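*Asks:* Got a structure for you, questions after.
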Amino acid sequence: MTKTALFLDRYGSVVAVSFVLVILLGLVAAYSRGGLDYFDAKLLVQGGVTLALAAIGATLVILSGGFDLSVGAVISLTNVVGAIALPGIDGVWAFWLSVLISVAVGSACGLVNGLLIAFGRLQSIVVTLSTMFIIQGVTLLVMDAPGGQVPPVVSDVLMGDTWTDVLPSAASLILIVMALWAWCKRTPYGLHLYAVGGHPAAARATGVPVRRTLLLTYVGAGALYGLAGLFLSAQTGSGDPLVGNSLLLSVFAAVVIGGTRLGGGRGGPTGSVIGAYVLMIIVNLLLVFNVAAYYSTIVQGMVLILAIMLGSLGAGSPLRASLEQLFARATRLGRGRSSRKTALPPGIDVCADIAQSGPVRVTLRQRYGKDLRISLPAWVVFVLVAAATAIFLGRDISQWSYWNSLIVLSTFLIVLALGQGAVIFTGGLDLSLPWAISLCAFLFTGMAQGSNEGLLGVAMLAILAGVLIGLGNGIMVAFMGFSPIVATLAMNGILQGIALLYSQGTPSAFPPPFISWVMTGRFLGMTPVIPLLLVFVVLATVLLTKTAFGRSVYATGSNAHAAFLSGVSTRRVLVLVYVLSGACAAVAGILLSGFSGQASLGMGDDYLLPSIAVIVLGGGLITGGRGHFLGILAGVFLLTSLQMLLTGSGLPYAARPILFGIVVLAAVATLRERA
């Protein structure tokens, strides 16, 4: 390989994104009166520092082969802690104490993540998703509404100049962090980081301290998130417990745009910093062109998808393989040849052994013993929680009213758990549920306009929207080779922008009276949704356990390659499970609008972690291949009864995400090694 080819292979992505940044800066200068002066440049630099610092931290994690979904929550926590930690204190010591506190808080969060991942041997996605909710709950306990005050010296220093009218302090901060990275990259830690991300088994075999490297990576990433939260505090001068929630999509988009490979081992923070400023300038240009701010998440999601697509055209990539297969099929069809191919090489008969050995008798214990073993613990704990409700809250659980309320409140999770469960059983995860629920609810209530007329058609259109959402997710995962986390995260951002555009930020339509009656009325002494839910549970159980589709789902999750060699159309299965998840999200949105009386912004946010928690509590493996819908049902009732117990006990709302996160971590840690 020539020097030029080697340079482009290592730094081609950075060069490309730098070129895009120069073009965007040219556009900004063209639309600025008198061009870019120092003041304009300073504002641009300051506008991207928070995202750039967070992207550097996320890049370290991705280089190690992991994902960190807690980045936004850590930024929010450091922001609110910084706003209340030093009341009425100013001066140079206040600045350095603020830096120390922010870095310490971020590092502590990273330490927890690192210990659970490196020494607890848990998946980074599950750990950081759980800690994201835990940290969000802790943040709300610290500050439940915007307020507090950051020491003025913090804003004076970070928003000022290191060298008057030459070098902004914001630029100095980025340069210092990048200088530290340049040093770290040449230390044993830097070499170990790339080795662990490139091939952890080989790194471990050659003596690389994998656990220590992972721990240092998450601690360092947390420290960078703390600095990002500190700079955000300097910009706003106060604290906001929700300020970091919107950064998650932007952070991953910046990392991918910068050329860091998802999966680890290739890339670096330099490209991520440039990618952060590219995103920031794109959003600013939208404002310059008077484009509604609602488009920002759509643009970020689309940019993330396009960046992954461009980076997935190399030799051996799933997207390129899919395109080559489509081209080959089109060529064969054009020549009049069949495009069908056998899934197995000639001469292999997967049924040969069964045919020779004759019929095999399977006992009831062999057939259902495993399902009972993984599902029974959730049912037992559910009974204990119900008993605790009777003892501590004085609720008479022998009365039908308790069970009626429990089942109705469980409705949404039961529906969502079918789709999310099917996705998890294949080894994936659907993070697009929150805004899929909200958007489908907006569409349903907007088309119905509070009337029962044409209800069935309106409901089918809303469900069709959910199907299309799932189809988009499935195509990205199955045919483009996207990570399920990134694909559904990008989709969630796109759906958020579409929902805000459709509702103009203030949804005002109401559901049809019939849907409200189904969720809140009375029929034969019970809420009408209960018999419908019983039918749904039966159909869902049959779908996952008694059909070819259900068997294909479990086979794909257990070993996708082996399933494909056995004749399973794994790509089709992946598409179908995401379609099912989208349809279930639409149904949940429709029912939720009927229960609450109106579709509202963020109405699906509270169901993301619970929809995953009930799968794990019911005995399902987060890595796929194992689970039963009756176990999931037990997980739903357990989580709902626990929520009812917490509500009756008077604990603050912020305690719920903390508890849910802890429950997921405990369940995953307990069940991960069970067969």
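The way I read the labels, and the way they are meant: chains A, B, ... in the order of the structure tokens, residue 1 as the first residue of every chain, and ligand 1 as the first ligand shown, with later ones counted on from there.
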Could you give me, as a PyMOL selection string, the residues within 6 Å of Leu69 (chain A), counting only C-alpha atoms and dropping anything in the same chain fewer than 2 positions from it?

*Replies:* chain A and resi 71+128-129

*Asks:* With a distance cut-off of 9 Å and only C-alpha atoms, select the neighbouring residues of Pro269 (chain A), excluding the residue or stretch itself and same-chain residues fewer than 2 positions from it, and output the selection as a PyMOL selection string.

*Replies:* chain A and resi 52+55-60+178+181+255+258+260+267+271-274

*Asks:* Output the selection as a PDB file, in the first residue's frame - N, CA and C atoms for each residue.

*Replies:*
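In the end it all went to out.pdb:
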ATOM      1  N   ALA A  52     -18.757  18.805  21.511  1.00  0.00           N
ATOM      2  CA  ALA A  52     -17.431  18.276  21.169  1.00  0.00           C
ATOM      3  C   ALA A  52     -16.834  17.483  22.336  1.00  0.00           C
ATOM      4  N   ALA A  55     -18.691  14.282  22.697  1.00  0.00           N
ATOM      5  CA  ALA A  55     -18.358  13.378  21.596  1.00  0.00           C
ATOM      6  C   ALA A  55     -16.989  12.739  21.797  1.00  0.00           C
ATOM      7  N   ILE A  56     -16.039  13.475  22.362  1.00  0.00           N
ATOM      8  CA  ILE A  56     -14.719  12.895  22.647  1.00  0.00           C
ATOM      9  C   ILE A  56     -14.867  11.742  23.646  1.00  0.00           C
ATOM     10  N   GLY A  57     -15.640  11.971  24.708  1.00  0.00           N
ATOM     11  CA  GLY A  57     -15.859  10.907  25.682  1.00  0.00           C
ATOM     12  C   GLY A  57     -16.538   9.697  25.072  1.00  0.00           C
ATOM     13  N   ALA A  58     -17.582   9.933  24.262  1.00  0.00           N
ATOM     14  CA  ALA A  58     -18.281   8.820  23.612  1.00  0.00           C
ATOM     15  C   ALA A  58     -17.375   8.092  22.630  1.00  0.00           C
ATOM     16  N   THR A  59     -16.461   8.823  22.000  1.00  0.00           N
ATOM     17  CA  THR A  59     -15.515   8.203  21.065  1.00  0.00           C
ATOM     18  C   THR A  59     -14.611   7.209  21.778  1.00  0.00           C
ATOM     19  N   LEU A  60     -14.128   7.569  22.955  1.00  0.00           N
ATOM     20  CA  LEU A  60     -13.290   6.648  23.720  1.00  0.00           C
ATOM     21  C   LEU A  60     -14.032   5.342  23.997  1.00  0.00           C
ATOM     22  N   MET A 178      -7.529  17.828  23.524  1.00  0.00           N
ATOM     23  CA  MET A 178      -6.943  17.120  22.386  1.00  0.00           C
ATOM     24  C   MET A 178      -5.455  16.850  22.607  1.00  0.00           C
ATOM     25  N   TRP A 181      -5.277  13.861  24.741  1.00  0.00           N
ATOM     26  CA  TRP A 181      -5.542  12.668  23.941  1.00  0.00           C
ATOM     27  C   TRP A 181      -4.309  12.276  23.127  1.00  0.00           C
ATOM     28  N   VAL A 255     -19.850  11.501  16.406  1.00  0.00           N
ATOM     29  CA  VAL A 255     -18.832  10.448  16.414  1.00  0.00           C
ATOM     30  C   VAL A 255     -18.798   9.725  15.071  1.00  0.00           C
ATOM     31  N   GLY A 258     -17.466  11.821  12.247  1.00  0.00           N
ATOM     32  CA  GLY A 258     -16.021  11.967  12.368  1.00  0.00           C
ATOM     33  C   GLY A 258     -15.221  10.756  11.953  1.00  0.00           C
ATOM     34  N   THR A 260     -15.269   7.523  13.264  1.00  0.00           N
ATOM     35  CA  THR A 260     -15.012   6.441  14.218  1.00  0.00           C
ATOM     36  C   THR A 260     -15.924   5.262  13.908  1.00  0.00           C
ATOM     37  N   GLY A 267     -10.624   4.931  14.447  1.00  0.00           N
ATOM     38  CA  GLY A 267     -11.159   6.287  14.533  1.00  0.00           C
ATOM     39  C   GLY A 267     -10.425   7.076  15.599  1.00  0.00           C
ATOM     40  N   GLY A 271     -11.735  13.538  14.590  1.00  0.00           N
ATOM     41  CA  GLY A 271     -12.886  13.562  13.689  1.00  0.00           C
ATOM     42  C   GLY A 271     -14.181  13.854  14.411  1.00  0.00           C
ATOM     43  N   SER A 272     -14.309  13.372  15.660  1.00  0.00           N
ATOM     44  CA  SER A 272     -15.540  13.613  16.423  1.00  0.00           C
ATOM     45  C   SER A 272     -15.715  15.092  16.751  1.00  0.00           C
ATOM     46  N   VAL A 273     -14.611  15.776  17.071  1.00  0.00           N
ATOM     47  CA  VAL A 273     -14.688  17.216  17.338  1.00  0.00           C
ATOM     48  C   VAL A 273     -15.140  17.957  16.084  1.00  0.00           C
ATOM     49  N   ILE A 274     -14.538  17.610  14.958  1.00  0.00           N
ATOM     50  CA  ILE A 274     -14.940  18.265  13.703  1.00  0.00           C
ATOM     51  C   ILE A 274     -16.392  17.934  13.386  1.00  0.00           C
TER      52      ILE A 274
END

*Asks:* Can you list, as a list in words, every residue of region 19-182 of chain A that DSSP puts in strand (DSSP E or B)?

*Replies:*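 The residues of region 19-182 of chain A classed as strand (DSSP E or B) are Gly147, Asp161, Thr162, Trp163, Leu167 and Pro168 of chain A.
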
*Asks:* Using C-alpha atoms, can you write the selected residues to a file as a CSV table (one decimal), in the first residue's frame?

*Replies:*
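The resulting file, out_30.csv, is shown below:
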chain,number,residue,atom,x,y,z
A,147,GLY,CA,-32.8,26.8,38.9
A,161,ASP,CA,-10.6,34.8,26.3
A,162,THR,CA,-7.3,33.1,27.0
A,163,TRP,CA,-5.6,35.6,24.7
A,167,LEU,CA,-7.9,32.8,21.4
A,168,PRO,CA,-11.2,32.2,23.1

*Asks:* Which residue gives the smallest distance to Gly47 (chain A) among A:Val92, A:Ala276, A:Ala118, A:Ile397, with only C-alpha atoms counted?

*Replies:*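 For Gly47 (chain A), the nearest of the given residues is A:Ala276.
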
*Asks:* Of the candidates A:Gly497, A:Pro146, A:Gly66, A:Gly661, which shows the shortest atom-to-atom distance to Ile117 (chain A), using only C-alpha atoms?

*Replies:*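 The shortest atom-to-atom distance to Ile117 (chain A) comes from A:Gly66.
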
*Asks:* May I ask which of the residues A:Leu464, A:Ile257, A:Ala448, A:Met519 is the closest one to Ser405 (chain A), counting only C-alpha atoms?

*Replies:*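 Going through A:Leu464, A:Ile257, A:Ala448, A:Met519 one by one, the smallest distance to Ser405 (chain A) is for A:Met519.
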
*Asks:* Which one is closest to Asp37 (chain A): A:Thr213, A:Val288, A:Asp165, A:Met447? Count only C-alpha atoms.

*Replies:*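 Among the listed residues, A:Asp165 lies closest to Asp37 (chain A).
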
*Asks:* For Ala85 (chain A), which residue out of A:Thr488, A:Ser98, A:Ser593, A:Thr640 is the nearest one, using only C-alpha atoms?

*Replies:*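 Closest residue, counting only C-alpha atoms: A:Ser98.
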
*Asks:* Per DSSP on the backbone, what are the alpha helix (DSSP H) residues of region 426-633 of chain A, as a PyMOL selection string?

*Replies:* chain A and resi 433-448+455-478+484-503+513-520+529-545+548-558+560-565+570-596+608-617+629-633

*Asks:* Pull C-alpha atoms from the residues just selected and write them as a compact mmCIF listing (two decimals), in the first residue's frame.

*Replies:*
# COMPACT_ATOMS: atom_id res chain seq x y z
CA LEU A 433 -40.48 3.31 20.87
CA PRO A 434 -40.91 6.62 22.77
CA TRP A 435 -41.59 8.80 19.74
CA ALA A 436 -43.18 6.01 17.71
CA ILE A 437 -45.82 5.88 20.46
CA SER A 438 -46.23 9.66 20.51
CA LEU A 439 -46.32 10.14 16.73
CA CYS A 440 -48.86 7.37 16.17
CA ALA A 441 -51.01 8.78 18.98
CA PHE A 442 -50.81 12.25 17.37
CA LEU A 443 -51.81 10.84 14.00
CA PHE A 444 -54.68 8.85 15.49
CA THR A 445 -56.19 11.69 17.52
CA GLY A 446 -55.51 14.21 14.75
CA MET A 447 -57.39 12.16 12.17
CA ALA A 448 -60.18 11.12 14.55
CA LEU A 455 -62.75 4.84 13.78
CA LEU A 456 -61.55 1.54 12.32
CA GLY A 457 -60.01 3.20 9.27
CA VAL A 458 -58.30 5.86 11.36
CA ALA A 459 -56.90 3.23 13.73
CA MET A 460 -55.60 1.16 10.81
CA LEU A 461 -53.86 4.21 9.33
CA ALA A 462 -52.16 4.92 12.66
CA ILE A 463 -51.06 1.29 12.91
CA LEU A 464 -49.83 1.47 9.31
CA ALA A 465 -47.64 4.41 10.36
CA GLY A 466 -46.17 2.21 13.09
CA VAL A 467 -45.59 -0.58 10.58
CA LEU A 468 -43.71 1.82 8.28
CA ILE A 469 -41.57 2.98 11.21
CA GLY A 470 -40.70 -0.60 12.03
CA LEU A 471 -40.05 -1.34 8.37
CA GLY A 472 -37.52 1.49 8.26
CA ASN A 473 -35.79 0.17 11.36
CA GLY A 474 -35.79 -3.38 10.01
CA ILE A 475 -34.31 -2.42 6.65
CA MET A 476 -31.50 -0.48 8.32
CA VAL A 477 -30.67 -3.36 10.66
CA ALA A 478 -31.19 -6.33 8.32
CA PRO A 484 -29.90 -1.77 16.18
CA ILE A 485 -29.01 0.83 18.80
CA VAL A 486 -27.85 3.44 16.29
CA ALA A 487 -30.58 2.71 13.75
CA THR A 488 -33.45 2.99 16.22
CA LEU A 489 -31.86 5.95 18.03
CA ALA A 490 -31.64 7.83 14.72
CA MET A 491 -35.22 6.84 13.92
CA ASN A 492 -36.38 8.11 17.30
CA GLY A 493 -34.84 11.51 16.59
CA ILE A 494 -36.47 11.66 13.17
CA LEU A 495 -39.85 10.68 14.64
CA GLN A 496 -39.50 13.34 17.33
CA GLY A 497 -39.04 16.05 14.70
CA ILE A 498 -41.95 14.75 12.62
CA ALA A 499 -44.22 14.58 15.67
CA LEU A 500 -43.33 18.14 16.68
CA LEU A 501 -43.91 19.38 13.15
CA TYR A 502 -47.25 17.59 12.89
CA SER A 503 -48.50 18.89 16.22
CA PRO A 513 -65.13 8.44 22.80
CA PHE A 514 -65.16 4.70 22.06
CA ILE A 515 -61.40 4.36 22.73
CA SER A 516 -61.77 6.34 25.94
CA TRP A 517 -64.62 4.02 26.97
CA VAL A 518 -62.51 0.94 26.19
CA MET A 519 -59.77 2.20 28.52
CA THR A 520 -61.80 3.84 31.29
CA VAL A 529 -59.99 -3.47 27.54
CA ILE A 530 -59.46 -6.49 29.81
CA PRO A 531 -61.19 -9.16 27.65
CA LEU A 532 -59.46 -7.68 24.59
CA LEU A 533 -56.16 -7.92 26.43
CA LEU A 534 -56.82 -11.58 27.24
CA VAL A 535 -57.26 -12.33 23.54
CA PHE A 536 -54.06 -10.39 22.79
CA VAL A 537 -52.06 -12.42 25.33
CA VAL A 538 -53.29 -15.70 23.85
CA LEU A 539 -52.46 -14.63 20.30
CA ALA A 540 -49.05 -13.28 21.33
CA THR A 541 -48.17 -16.51 23.13
CA VAL A 542 -49.21 -18.59 20.14
CA LEU A 543 -47.29 -16.32 17.76
CA LEU A 544 -44.00 -16.68 19.61
CA THR A 545 -44.26 -20.35 20.60
CA ALA A 548 -42.76 -20.87 12.25
CA PHE A 549 -42.18 -17.15 12.72
CA GLY A 550 -41.73 -17.57 16.47
CA ARG A 551 -39.30 -20.44 16.04
CA SER A 552 -37.34 -18.38 13.50
CA VAL A 553 -37.14 -15.49 15.96
CA TYR A 554 -35.55 -17.65 18.65
CA ALA A 555 -33.25 -19.34 16.14
CA THR A 556 -32.03 -16.00 14.83
CA GLY A 557 -31.35 -14.72 18.33
CA SER A 558 -29.54 -17.88 19.40
CA ALA A 560 -28.06 -15.99 13.30
CA HIS A 561 -25.43 -17.69 11.14
CA ALA A 562 -26.52 -21.18 12.12
CA ALA A 563 -30.16 -20.20 11.61
CA PHE A 564 -29.38 -18.97 8.10
CA LEU A 565 -27.55 -22.20 7.25
CA THR A 570 -32.81 -14.21 8.98
CA ARG A 571 -33.08 -10.85 7.22
CA ARG A 572 -36.80 -11.26 6.73
CA VAL A 573 -37.17 -12.26 10.38
CA LEU A 574 -35.29 -9.14 11.50
CA VAL A 575 -37.48 -6.90 9.36
CA LEU A 576 -40.65 -8.55 10.65
CA VAL A 577 -39.76 -8.21 14.34
CA TYR A 578 -39.16 -4.47 13.93
CA VAL A 579 -42.40 -4.16 11.96
CA LEU A 580 -44.16 -5.95 14.82
CA SER A 581 -42.54 -3.59 17.32
CA GLY A 582 -43.68 -0.55 15.34
CA ALA A 583 -47.22 -1.88 15.09
CA CYS A 584 -47.31 -2.57 18.85
CA ALA A 585 -46.04 0.96 19.52
CA ALA A 586 -48.90 2.32 17.41
CA VAL A 587 -51.49 0.24 19.29
CA ALA A 588 -50.02 1.34 22.61
CA GLY A 589 -50.16 4.98 21.48
CA ILE A 590 -53.82 4.63 20.52
CA LEU A 591 -54.76 3.02 23.83
CA LEU A 592 -52.66 5.46 25.82
CA SER A 593 -54.43 8.42 24.20
CA GLY A 594 -57.76 6.87 25.20
CA PHE A 595 -56.59 6.30 28.76
CA SER A 596 -55.18 9.82 29.25
CA LEU A 608 -38.69 2.67 26.98
CA LEU A 609 -36.84 1.19 29.95
CA PRO A 610 -39.91 -0.64 31.36
CA SER A 611 -40.49 -2.29 27.95
CA ILE A 612 -36.97 -3.72 28.22
CA ALA A 613 -37.16 -4.41 31.95
CA VAL A 614 -40.20 -6.68 31.68
CA ILE A 615 -38.39 -8.87 29.13
CA VAL A 616 -35.43 -9.35 31.46
CA LEU A 617 -37.60 -9.80 34.56
CA PHE A 629 -44.36 -14.36 26.64
CA LEU A 630 -45.95 -15.73 29.80
CA GLY A 631 -42.74 -14.85 31.62
CA ILE A 632 -42.91 -11.39 30.06
CA LEU A 633 -46.48 -11.11 31.33
